[in-house]
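Listing of query.cif, mmCIF, C-alpha atoms
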```
data_protein
#
loop_
_atom_site.group_PDB
_atom_site.id
_atom_site.type_symbol
_atom_site.label_atom_id
_atom_site.label_comp_id
_atom_site.auth_asym_id
_atom_site.auth_seq_id
_atom_site.Cartn_x
_atom_site.Cartn_y
_atom_site.Cartn_z
ATOM 1 C CA MET C 1 7.070 56.825 -33.659
ATOM 2 C CA LEU C 2 7.213 54.725 -30.493
ATOM 3 C CA LYS C 3 3.982 56.296 -29.294
ATOM 4 C CA ASN C 4 2.293 55.465 -32.593
ATOM 5 C CA SER C 5 3.476 51.852 -32.325
ATOM 6 C CA ILE C 6 2.143 51.528 -28.771
ATOM 7 C CA LYS C 7 -1.132 53.103 -29.823
ATOM 8 C CA SER C 8 -1.448 50.690 -32.748
ATOM 9 C CA PHE C 9 -0.722 47.741 -30.456
ATOM 10 C CA PHE C 10 -3.538 48.664 -28.050
ATOM 11 C CA ILE C 11 -5.956 49.234 -30.913
ATOM 12 C CA LEU C 12 -5.179 45.782 -32.280
ATOM 13 C CA LEU C 13 -5.465 44.276 -28.777
ATOM 14 C CA ALA C 14 -8.851 45.908 -28.242
ATOM 15 C CA PHE C 15 -10.053 44.674 -31.625
ATOM 16 C CA PHE C 16 -8.874 41.137 -30.822
ATOM 17 C CA ILE C 17 -10.661 41.118 -27.460
ATOM 18 C CA TYR C 18 -13.835 42.439 -29.076
ATOM 19 C CA GLU C 19 -13.734 39.730 -31.728
ATOM 20 C CA ILE C 20 -13.282 36.793 -29.328
ATOM 21 C CA MET C 21 -15.585 38.063 -26.600
ATOM 22 C CA PRO C 22 -18.817 36.492 -27.978
ATOM 23 C CA VAL C 23 -17.178 33.071 -28.339
ATOM 24 C CA THR C 24 -15.567 33.214 -24.906
ATOM 25 C CA GLY C 25 -18.796 34.463 -23.352
ATOM 26 C CA GLN C 26 -20.730 31.511 -24.757
ATOM 27 C CA ALA C 27 -18.131 29.056 -23.463
ATOM 28 C CA ILE C 28 -18.223 30.581 -19.982
ATOM 29 C CA SER C 29 -22.019 30.582 -19.981
ATOM 30 C CA LYS C 30 -22.232 26.893 -20.876
ATOM 31 C CA HIS C 31 -19.587 25.936 -18.337
ATOM 32 C CA SER C 32 -21.465 27.910 -15.714
ATOM 33 C CA MET C 33 -24.678 26.005 -16.461
ATOM 34 C CA TYR C 34 -23.037 22.646 -15.721
ATOM 35 C CA GLU C 35 -21.315 24.023 -12.639
ATOM 36 C CA ASN C 36 -24.655 25.338 -11.356
ATOM 37 C CA ALA C 37 -26.182 21.930 -12.014
ATOM 38 C CA LYS C 38 -23.528 20.295 -9.842
ATOM 39 C CA MET C 39 -24.002 22.950 -7.167
ATOM 40 C CA MET C 40 -27.691 22.055 -6.820
ATOM 41 C CA LEU C 41 -26.704 18.486 -5.893
ATOM 42 C CA SER C 42 -23.944 19.556 -3.516
ATOM 43 C CA LEU C 43 -23.946 20.175 0.233
ATOM 44 C CA SER C 44 -23.521 23.914 -0.235
ATOM 45 C CA GLY C 45 -25.551 26.405 1.804
ATOM 46 C CA TYR C 46 -29.136 27.156 0.866
ATOM 47 C CA ASP C 47 -28.290 30.643 -0.372
ATOM 48 C CA THR C 48 -25.646 29.267 -2.735
ATOM 49 C CA ILE C 49 -27.962 26.534 -4.011
ATOM 50 C CA SER C 50 -30.804 29.029 -4.475
ATOM 51 C CA VAL C 51 -28.623 31.268 -6.666
ATOM 52 C CA ALA C 52 -27.346 28.254 -8.632
ATOM 53 C CA TYR C 53 -30.923 27.046 -9.159
ATOM 54 C CA LYS C 54 -32.054 30.407 -10.515
ATOM 55 C CA GLU C 55 -29.045 30.807 -12.810
ATOM 56 C CA PHE C 56 -29.305 27.222 -14.044
ATOM 57 C CA ASN C 57 -32.973 27.695 -14.988
ATOM 58 C CA GLU C 58 -32.115 30.715 -17.132
ATOM 59 C CA GLN C 59 -29.066 29.097 -18.730
ATOM 60 C CA PHE C 60 -30.811 25.802 -19.454
ATOM 61 C CA LEU C 61 -33.767 27.646 -20.980
ATOM 62 C CA ASN C 62 -31.389 29.571 -23.240
ATOM 63 C CA GLU C 63 -29.801 26.296 -24.364
ATOM 64 C CA LEU C 64 -33.206 24.826 -25.182
ATOM 65 C CA HIS C 65 -34.066 27.833 -27.335
ATOM 66 C CA LEU C 66 -31.093 27.096 -29.615
ATOM 67 C CA PRO C 67 -31.867 25.502 -33.014
ATOM 68 C CA GLY C 68 -31.668 21.706 -32.888
ATOM 69 C CA SER C 69 -31.626 21.586 -29.082
ATOM 70 C CA PHE C 70 -34.169 18.745 -29.009
ATOM 71 C CA SER C 71 -31.481 16.347 -30.232
ATOM 72 C CA ASN C 72 -29.127 17.381 -27.394
ATOM 73 C CA LYS C 73 -29.455 14.747 -24.651
ATOM 74 C CA PHE C 74 -27.556 16.813 -22.047
ATOM 75 C CA ASP C 75 -26.091 13.575 -20.685
ATOM 76 C CA SER C 76 -23.933 15.366 -18.100
ATOM 77 C CA LEU C 77 -26.871 17.086 -16.367
ATOM 78 C CA GLU C 78 -27.297 14.688 -13.458
ATOM 79 C CA CYS C 79 -29.737 17.003 -11.685
ATOM 80 C CA VAL C 80 -32.370 16.800 -14.449
ATOM 81 C CA SER C 81 -34.842 13.967 -15.032
ATOM 82 C CA PHE C 82 -35.438 13.403 -18.760
ATOM 83 C CA LEU C 83 -38.552 11.402 -19.682
ATOM 84 C CA TYR C 84 -39.448 10.402 -23.249
ATOM 85 C CA PRO C 85 -42.523 8.578 -24.625
ATOM 86 C CA PRO C 86 -41.930 5.502 -26.817
ATOM 87 C CA ASP C 87 -41.948 7.550 -30.035
ATOM 88 C CA SER C 88 -39.673 10.287 -28.558
ATOM 89 C CA SER C 89 -42.082 12.937 -29.867
ATOM 90 C CA PHE C 90 -41.476 15.104 -26.789
ATOM 91 C CA ARG C 91 -39.596 15.095 -23.518
ATOM 92 C CA ILE C 92 -40.325 16.157 -19.954
ATOM 93 C CA MET C 93 -37.378 17.735 -18.139
ATOM 94 C CA SER C 94 -37.809 18.342 -14.408
ATOM 95 C CA TRP C 95 -35.559 19.022 -11.433
ATOM 96 C CA GLN C 96 -35.581 20.131 -7.809
ATOM 97 C CA ALA C 97 -33.320 22.070 -5.455
ATOM 98 C CA PRO C 98 -33.343 22.651 -1.660
ATOM 99 C CA VAL C 99 -33.528 26.467 -1.602
ATOM 100 C CA ALA C 100 -34.329 26.788 2.116
ATOM 101 C CA ARG C 101 -34.290 24.614 5.212
ATOM 102 C CA ASP C 102 -37.852 23.365 4.737
ATOM 103 C CA LYS C 103 -38.397 24.227 1.084
ATOM 104 C CA TYR C 104 -37.674 22.620 -2.279
ATOM 105 C CA ALA C 105 -38.086 24.491 -5.547
ATOM 106 C CA TYR C 106 -39.277 22.644 -8.665
ATOM 107 C CA SER C 107 -38.940 23.382 -12.359
ATOM 108 C CA CYS C 108 -40.155 21.617 -15.476
ATOM 109 C CA TYR C 109 -39.916 22.180 -19.228
ATOM 110 C CA ILE C 110 -41.830 20.196 -21.853
ATOM 111 C CA GLN C 111 -40.182 20.228 -25.264
ATOM 112 C CA THR C 112 -41.381 18.923 -28.617
ATOM 113 C CA HIS C 113 -39.446 19.038 -31.890
ATOM 114 C CA ASP C 114 -40.738 22.555 -32.568
ATOM 115 C CA SER C 115 -42.131 23.924 -29.280
ATOM 116 C CA LEU C 116 -40.989 24.589 -25.720
ATOM 117 C CA PHE C 117 -43.269 25.031 -22.708
ATOM 118 C CA VAL C 118 -42.231 26.244 -19.257
ATOM 119 C CA LEU C 119 -44.453 24.960 -16.458
ATOM 120 C CA LYS C 120 -45.279 27.685 -13.941
ATOM 121 C CA PRO C 121 -45.313 26.482 -10.301
ATOM 122 C CA SER C 122 -48.492 27.112 -8.306
ATOM 123 C CA PRO C 123 -48.042 24.872 -5.221
ATOM 124 C CA SER C 124 -51.271 26.157 -3.635
ATOM 125 C CA TYR C 125 -53.208 23.832 -5.943
ATOM 126 C CA PHE C 126 -52.585 21.002 -3.478
ATOM 127 C CA ASN C 127 -54.968 22.773 -1.091
ATOM 128 C CA HIS C 128 -57.689 23.088 -3.730
ATOM 129 C CA SER C 129 -60.753 21.058 -2.773
ATOM 130 C CA SER C 130 -61.129 19.813 -6.367
ATOM 131 C CA PHE C 131 -57.431 19.203 -7.062
ATOM 132 C CA ASN C 132 -57.969 15.567 -8.086
ATOM 133 C CA THR C 133 -60.658 16.451 -10.631
ATOM 134 C CA LEU C 134 -59.084 19.541 -12.243
ATOM 135 C CA GLU C 135 -57.500 19.895 -15.671
ATOM 136 C CA LEU C 136 -54.478 22.194 -15.463
ATOM 137 C CA ARG C 137 -52.679 24.115 -18.184
ATOM 138 C CA HIS C 138 -48.906 24.501 -18.116
ATOM 139 C CA GLN C 139 -49.293 28.017 -16.661
ATOM 140 C CA ALA C 140 -50.664 26.444 -13.447
ATOM 141 C CA TRP C 141 -48.479 23.604 -12.183
ATOM 142 C CA TYR C 142 -48.223 22.040 -8.723
ATOM 143 C CA GLY C 143 -44.452 21.393 -8.928
ATOM 144 C CA CYS C 144 -42.678 18.026 -8.707
ATOM 145 C CA LEU C 145 -39.873 15.879 -10.089
ATOM 146 C CA TYR C 146 -41.200 13.409 -12.669
ATOM 147 C CA TYR C 147 -39.714 9.900 -12.626
ATOM 148 C CA GLY C 148 -42.002 7.683 -14.725
ATOM 149 C CA ILE C 149 -44.211 7.706 -17.836
ATOM 150 C CA LYS C 150 -46.687 5.255 -19.427
ATOM 151 C CA SER C 151 -48.548 5.877 -22.687
ATOM 152 C CA PHE C 152 -52.153 4.775 -23.360
ATOM 153 C CA VAL C 153 -55.041 5.680 -25.677
ATOM 154 C CA HIS C 154 -58.196 7.400 -24.419
ATOM 155 C CA ASP C 155 -60.910 9.055 -26.521
ATOM 156 C CA ARG C 156 -58.898 8.144 -29.642
ATOM 157 C CA GLN C 157 -55.980 10.234 -28.398
ATOM 158 C CA THR C 158 -52.617 9.160 -27.026
ATOM 159 C CA LYS C 159 -52.198 10.262 -23.431
ATOM 160 C CA TYR C 160 -49.524 9.613 -20.833
ATOM 161 C CA VAL C 161 -49.694 8.660 -17.171
ATOM 162 C CA ILE C 162 -46.811 10.472 -15.495
ATOM 163 C CA PHE C 163 -45.458 9.873 -12.008
ATOM 164 C CA GLY C 164 -43.855 12.564 -9.877
ATOM 165 C CA TYR C 165 -42.265 13.150 -6.487
ATOM 166 C CA GLN C 166 -42.442 16.215 -4.268
ATOM 167 C CA GLN C 167 -41.073 17.007 -0.823
ATOM 168 C CA PRO C 168 -43.193 19.772 0.756
ATOM 169 C CA GLY C 169 -41.415 19.633 4.130
ATOM 170 C CA PRO C 170 -38.681 17.882 6.140
ATOM 171 C CA PHE C 171 -40.955 15.032 7.291
ATOM 172 C CA SER C 172 -43.478 14.941 4.477
ATOM 173 C CA ALA C 173 -43.341 13.632 0.905
ATOM 174 C CA ARG C 174 -45.795 13.265 -1.933
ATOM 175 C CA LYS C 175 -46.062 11.016 -4.950
ATOM 176 C CA ILE C 176 -48.357 12.147 -7.722
ATOM 177 C CA MET C 177 -49.953 10.197 -10.563
ATOM 178 C CA ASP C 178 -51.198 12.508 -13.296
ATOM 179 C CA VAL C 179 -52.111 12.465 -16.987
ATOM 180 C CA LEU C 180 -50.330 14.494 -19.663
ATOM 181 C CA TRP C 181 -51.941 15.088 -23.052
ATOM 182 C CA PHE C 182 -51.805 17.706 -25.781
ATOM 183 C CA ASP C 183 -54.663 19.956 -26.837
ATOM 184 C CA ASN C 184 -53.782 21.395 -30.275
ATOM 185 C CA GLY C 185 -50.106 21.012 -29.405
ATOM 186 C CA VAL C 186 -50.395 22.597 -25.935
ATOM 187 C CA PRO C 187 -49.742 20.380 -22.868
ATOM 188 C CA VAL C 188 -52.604 19.727 -20.439
ATOM 189 C CA LEU C 189 -52.346 18.008 -17.054
ATOM 190 C CA GLY C 190 -55.233 15.875 -15.845
ATOM 191 C CA SER C 191 -57.873 13.689 -17.465
ATOM 192 C CA LEU C 192 -60.829 11.874 -15.882
ATOM 193 C CA VAL C 193 -59.455 8.376 -16.438
ATOM 194 C CA PHE C 194 -58.758 6.982 -12.936
ATOM 195 C CA CYS C 195 -62.076 5.338 -12.097
ATOM 196 C CA ASN C 196 -63.568 3.354 -9.213
ATOM 197 C CA LYS C 197 -66.531 1.077 -9.998
ATOM 198 C CA LYS C 198 -67.708 0.994 -6.377
ATOM 199 C CA THR C 199 -67.816 4.763 -5.901
ATOM 200 C CA LYS C 200 -68.709 5.405 -9.575
ATOM 201 C CA GLN C 201 -66.266 8.298 -9.543
ATOM 202 C CA CYS C 202 -63.385 9.203 -11.866
ATOM 203 C CA ASN C 203 -60.432 11.466 -11.018
ATOM 204 C CA THR C 204 -57.866 13.320 -13.089
ATOM 205 C CA ARG C 205 -54.951 12.432 -10.813
ATOM 206 C CA MET C 206 -54.021 10.786 -7.521
ATOM 207 C CA THR C 207 -51.830 12.091 -4.709
ATOM 208 C CA LEU C 208 -50.178 10.090 -1.929
ATOM 209 C CA GLU C 209 -48.809 12.134 0.971
ATOM 210 C CA TYR C 210 -46.781 10.234 3.534
ATOM 211 C CA ASP C 211 -43.967 10.273 6.081
ATOM 212 C CA SER C 212 -40.821 11.089 4.091
ATOM 213 C CA ARG C 213 -38.878 8.346 5.885
ATOM 214 C CA ALA C 214 -41.191 5.681 4.459
ATOM 215 C CA THR C 215 -40.758 3.944 1.094
ATOM 216 C CA ILE C 216 -43.923 4.265 -0.960
ATOM 217 C CA ARG C 217 -44.485 2.630 -4.338
ATOM 218 C CA LEU C 218 -46.353 4.374 -7.160
ATOM 219 C CA ASN C 219 -45.408 3.380 -10.700
ATOM 220 C CA TYR C 220 -46.405 1.343 -13.728
ATOM 221 C CA ASP C 221 -45.127 -2.226 -13.600
ATOM 222 C CA PRO C 222 -44.769 -3.704 -17.124
ATOM 223 C CA GLU C 223 -44.454 -7.256 -15.752
ATOM 224 C CA TYR C 224 -47.936 -7.128 -14.261
ATOM 225 C CA GLY C 225 -49.349 -4.559 -16.707
ATOM 226 C CA LEU C 226 -50.635 -2.509 -13.774
ATOM 227 C CA ILE C 227 -50.067 0.746 -11.953
ATOM 228 C CA ILE C 228 -49.180 -0.510 -8.469
ATOM 229 C CA PHE C 229 -49.159 1.601 -5.327
ATOM 230 C CA ASP C 230 -49.179 1.420 -1.528
ATOM 231 C CA PRO C 231 -52.502 2.326 0.089
ATOM 232 C CA LEU C 232 -51.899 4.588 3.092
ATOM 233 C CA ILE C 233 -53.231 4.375 6.635
ATOM 234 C CA LYS C 234 -52.930 6.649 9.643
ATOM 235 C CA GLY C 235 -50.308 5.654 12.186
ATOM 236 C CA ALA C 236 -48.268 7.080 15.036
ATOM 237 C CA SER C 237 -44.704 8.067 14.184
ATOM 238 C CA PRO C 238 -42.168 6.727 16.725
ATOM 239 C CA ASP C 239 -39.824 9.646 16.065
ATOM 240 C CA MET C 240 -42.350 12.493 16.266
ATOM 241 C CA TYR C 241 -43.783 12.101 19.777
ATOM 242 C CA GLY C 242 -46.706 9.996 18.614
ATOM 243 C CA GLN C 243 -47.814 12.399 15.899
ATOM 244 C CA THR C 244 -50.156 10.807 13.376
ATOM 245 C CA VAL C 245 -48.703 10.335 9.885
ATOM 246 C CA ASN C 246 -49.616 8.449 6.710
ATOM 247 C CA MET C 247 -47.767 5.178 6.232
ATOM 248 C CA THR C 248 -48.156 1.925 4.298
ATOM 249 C CA ASP C 249 -49.884 -1.138 5.756
ATOM 250 C CA GLY C 250 -47.933 -3.607 3.603
ATOM 251 C CA SER C 251 -50.704 -4.302 1.077
ATOM 252 C CA TYR C 252 -50.927 -3.132 -2.535
ATOM 253 C CA ASP C 253 -53.665 -1.597 -4.657
ATOM 254 C CA ALA C 254 -53.551 -1.013 -8.391
ATOM 255 C CA TYR C 255 -55.076 0.510 -11.492
ATOM 256 C CA LYS C 256 -55.710 -1.633 -14.569
ATOM 257 C CA LEU C 257 -56.087 -0.241 -18.089
ATOM 258 C CA LYS C 258 -59.491 -1.008 -19.623
ATOM 259 C CA LYS C 259 -60.419 -1.252 -23.315
ATOM 260 C CA ASN C 260 -62.176 2.119 -23.165
ATOM 261 C CA GLY C 261 -58.918 3.823 -22.146
ATOM 262 C CA THR C 262 -59.744 4.365 -18.479
ATOM 263 C CA TRP C 263 -57.797 2.951 -15.539
ATOM 264 C CA GLU C 264 -59.950 0.888 -13.176
ATOM 265 C CA PHE C 265 -59.134 0.718 -9.469
ATOM 266 C CA VAL C 266 -58.189 -2.745 -8.154
ATOM 267 C CA ASP C 267 -58.562 -3.139 -4.385
ATOM 268 C CA MET C 268 -56.200 -5.405 -2.417
ATOM 269 C CA LEU C 269 -54.205 -6.548 -5.422
ATOM 270 C CA TRP C 270 -52.527 -9.634 -3.984
ATOM 271 C CA HIS C 271 -54.746 -12.045 -2.112
ATOM 272 C CA ASP C 272 -53.073 -14.873 -4.020
ATOM 273 C CA LYS C 273 -49.478 -15.978 -3.747
ATOM 274 C CA GLN C 274 -46.939 -14.167 -5.915
ATOM 275 C CA LYS C 275 -43.532 -15.276 -7.122
ATOM 276 C CA GLU C 276 -41.701 -12.384 -5.503
ATOM 277 C CA PRO C 277 -42.635 -9.260 -3.565
ATOM 278 C CA PRO C 278 -42.868 -6.094 -5.661
ATOM 279 C CA THR C 279 -40.232 -3.424 -5.218
ATOM 280 C CA ASP C 280 -40.459 0.352 -5.369
ATOM 281 C CA LYS C 281 -38.245 0.414 -8.471
ATOM 282 C CA PRO C 282 -39.875 -0.076 -11.886
ATOM 283 C CA LYS C 283 -38.751 -3.058 -13.906
ATOM 284 C CA LYS C 284 -36.936 -2.408 -17.165
ATOM 285 C CA SER C 285 -38.931 -2.241 -20.356
ATOM 286 C CA GLN C 286 -38.848 -0.427 -23.675
ATOM 287 C CA GLU C 287 -40.956 2.343 -22.230
ATOM 288 C CA GLN C 288 -39.573 2.618 -18.696
ATOM 289 C CA GLY C 289 -35.994 1.500 -18.195
ATOM 290 C CA LYS C 290 -35.071 3.953 -15.467
ATOM 291 C CA LYS C 291 -33.144 2.982 -12.378
ATOM 292 C CA ASP C 292 -33.613 5.974 -10.132
ATOM 293 C CA ILE C 293 -35.858 8.957 -9.503
ATOM 294 C CA PHE C 294 -33.838 11.092 -11.938
ATOM 295 C CA GLY C 295 -34.408 8.653 -14.786
ATOM 296 C CA ARG C 296 -30.740 7.567 -14.983
#
```

Would you write the structure of this file as structure tokens?
Amino acid sequence: MLKNSIKSFFILLAFFIYEIMPVTGQAISKHSMYENAKMMLSLSGYDTISVAYKEFNEQFLNELHLPGSFSNKFDSLECVSFLYPPDSSFRIMSWQAPVARDKYAYSCYIQTHDSLFVLKPSPSYFNHSSFNTLELRHQAWYGCLYYGIKSFVHDRQTKYVIFGYQQPGPFSARKIMDVLWFDNGVPVLGSLVFCNKKTKQCNTRMTLEYDSRATIRLNYDPEYGLIIFDPLIKGASPDMYGQTVNMTDGSYDAYKLKKNGTWEFVDMLWHDKQKEPPTDKPKKSQEQGKKDIFGR
């Protein structure tokens, strides 16, 4: 009789474990996602961060596939930049992680109320001779962390100038100005809207590559109604044995939105006096109220 009682106890115990396992597994999985997110921002070794980055990508993607996930703000995910347009019809979620000594990995998901797109990194596009005139689908993405967004209308369609940051090496950084729009609900990167009257040429995007120790501005400024950026010049780096690098000369150029929906290049923006010098941080507005590169 004792043996039967013990046997019954273990059967009940096994049944209990089986019943709670799915719930417990989900809880552990979600906890692990947030722990991996923190690990990517920590000073852990590259191998540890690389594993955390890979696991986080899978876990976050699973969360986004859940019904109603678009309404989840994921406020505790400090590693992810969340960008929304004024009507909150979609969001861009991007992040980076140092996976090796001289290498950052980049990920990005674009989510609408009923669709989810995973951007596929193809960093070699930066070496493409026509990079600044190409239109790219989400299956071919250059990889960056997006920190700013500005909506506008071109060809009777709402499009979005998006601003991103990438660190390709220990002493090099890039800022990218691109255009996001949707073709039958599918995201497209690039549109021939950045135009120069003197050269009579239009580009789909602009890239600034510079010494990573410099502070370079590239963002939309709602106070001036302009995209303002630092033009770059060649100069000798004092810390790299005279090696030539791109750096700012202290002046500012800009792009101004025209009635036809294109952005016209403005050379040497400030010849006149201004009330205060511009800063690298965007000013708060309804559309762009972010304080840092992660959109917090």

Might you spell out which residues the PyMOL selection byres ((chain C and resi 89-91) around 8) would select in the displayed file, as a PyMOL selection string? chain C and resi 82-85+87-88+92-93+110-113

Would you mind telling me which residue in C:Gly164, C:Pro67, C:Pro123, C:Gly225 lies nearest to C:Ser94 when using only C-alpha atoms?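 Of all the options, C:Gly164 lies closest to C:Ser94.
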
Quick one: everything within 8 Å of stretch 176-188 of chain C, counting all atoms listed in the file, minus sequence neighbours fewer than 3 positions away in the same chain. Send it as a PyMOL selection string. chain C and resi 110+117+135-138+158-166+191+204-208+218

What's around C:Ser212 at 9 Å? Count only C-alpha atoms, leave out sequence neighbours fewer than 4 positions away in its own chain, and write the answer as a ChimeraX atom specification. /C:167,169-174

Please evaluate the PyMOL selection byres ((chain C and resi 53) around 9) against the displayed coordinates and give the resulting residues as a PyMOL selection string. chain C and resi 36-37+39-40+48-52+54-58+96-97+99+105

Go ahead and save the residues from that selection, with C-alpha atoms, as a tab-separated table (two decimals), in the coordinates of the input.
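The result, stored in part39.tsv:
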```
chain	number	residue	atom	x	y	z
C	36	ASN	CA	-24.66	25.34	-11.36
C	37	ALA	CA	-26.18	21.93	-12.01
C	39	MET	CA	-24.00	22.95	-7.17
C	40	MET	CA	-27.69	22.06	-6.82
C	48	THR	CA	-25.65	29.27	-2.74
C	49	ILE	CA	-27.96	26.53	-4.01
C	50	SER	CA	-30.80	29.03	-4.47
C	51	VAL	CA	-28.62	31.27	-6.67
C	52	ALA	CA	-27.35	28.25	-8.63
C	54	LYS	CA	-32.05	30.41	-10.52
C	55	GLU	CA	-29.04	30.81	-12.81
C	56	PHE	CA	-29.30	27.22	-14.04
C	57	ASN	CA	-32.97	27.70	-14.99
C	58	GLU	CA	-32.12	30.72	-17.13
C	96	GLN	CA	-35.58	20.13	-7.81
C	97	ALA	CA	-33.32	22.07	-5.46
C	99	VAL	CA	-33.53	26.47	-1.60
C	105	ALA	CA	-38.09	24.49	-5.55
```

From atom CA of C:Glu209 to atom CA of C:Lys256 the spacing works out at 21.9 Å

Test item: residues at most 9 Å from C:Ile216, all atoms listed in the file, excluding those fewer than 3 positions along its chain, as an MDAnalysis selection string: chainID C and resid 175 208 210 229:232 247:248 280

Could you write out that same residue set with C-alpha atoms as a PDB file, in the coordinates of the input?
```pdb
ATOM      1  CA  LYS C 175     -46.062  11.016  -4.950  1.00  0.00           C
ATOM      2  CA  LEU C 208     -50.178  10.090  -1.929  1.00  0.00           C
ATOM      3  CA  TYR C 210     -46.781  10.234   3.534  1.00  0.00           C
ATOM      4  CA  PHE C 229     -49.159   1.601  -5.327  1.00  0.00           C
ATOM      5  CA  ASP C 230     -49.179   1.420  -1.528  1.00  0.00           C
ATOM      6  CA  PRO C 231     -52.502   2.326   0.089  1.00  0.00           C
ATOM      7  CA  LEU C 232     -51.899   4.588   3.092  1.00  0.00           C
ATOM      8  CA  MET C 247     -47.767   5.178   6.232  1.00  0.00           C
ATOM      9  CA  THR C 248     -48.156   1.925   4.298  1.00  0.00           C
ATOM     10  CA  ASP C 280     -40.459   0.352  -5.369  1.00  0.00           C
TER      11      ASP C 280
END
```

If the PyMOL selection byres ((chain C and resi 125) around 12) is run on the structure shown, which residues does it catch, given as a ChimeraX atom specification? /C:120-124,126-136,140-143,207

Could you state the separation of atom CA of C:Lys258 and atom CA of C:Thr215 in Å, given to one decimal place?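 Value for the atom CA of C:Lys258-atom CA of C:Thr215 distance: 28.4 Å.
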
Can you work out the spacing between atom CA of C:Lys259 and atom CA of C:Tyr147 in Å, to one decimal?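 Rounded to one decimal, the two atoms are 25.8 Å apart.
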
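Of the listed residues C:Val80, C:Ile233, C:Leu64, C:Leu226, the one whose atoms come nearest to C:Ser115 is C:Leu64, with distances taken using all atoms listed in the file.
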
Need to verify the contact set: stretch 263-267 of chain C, 6 Å, only C-alpha atoms, exclusion of same-chain residues closer than 2 positions in sequence. Can you return it as a list of chain:residue names?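 Residues meeting the cut-off are C:Val193, C:Phe194, C:Cys195, C:Asn196, C:Asp253, C:Ala254, C:Tyr255, C:Lys256, C:Leu257, C:Lys258, C:Leu269.
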
Of the candidates C:Lys103, C:Arg156, C:Lys197, C:Arg213, which one gets nearest to C:Gly261 if we count only C-alpha atoms?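 Closest to C:Gly261 of all the choices is C:Arg156.
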
Nearest to C:Asn72 among C:Phe60, C:Ala214, C:Gly190, C:Lys200, with distances taken over only C-alpha atoms: which residue is it?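 Of C:Phe60, C:Ala214, C:Gly190, C:Lys200, the one nearest C:Asn72, counting only C-alpha atoms, is C:Phe60.
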
Kindly list the centre and edge lengths in Å, rounded to one decimal, for the axis-aligned box that covers all listed atoms of stretch 145-158 of chain C plus 5 Å on each of its six sides, as JSON.
```
{"center_x": -50.3, "center_y": 10.3, "center_z": -19.9, "size_x": 31.2, "size_y": 21.1, "size_z": 29.6}
```

From C:Asn219, C:Asn246, C:Thr262, C:Ser44, residue lying nearest C:Pro98 [only C-alpha atoms]: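 Nearest candidate to C:Pro98 out of C:Asn219, C:Asn246, C:Thr262, C:Ser44: C:Ser44.
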
Tell me which of C:Leu189, C:Ile227, C:Pro168, C:Leu77 sits closest to C:Lys150, counting only C-alpha atoms. C:Ile227
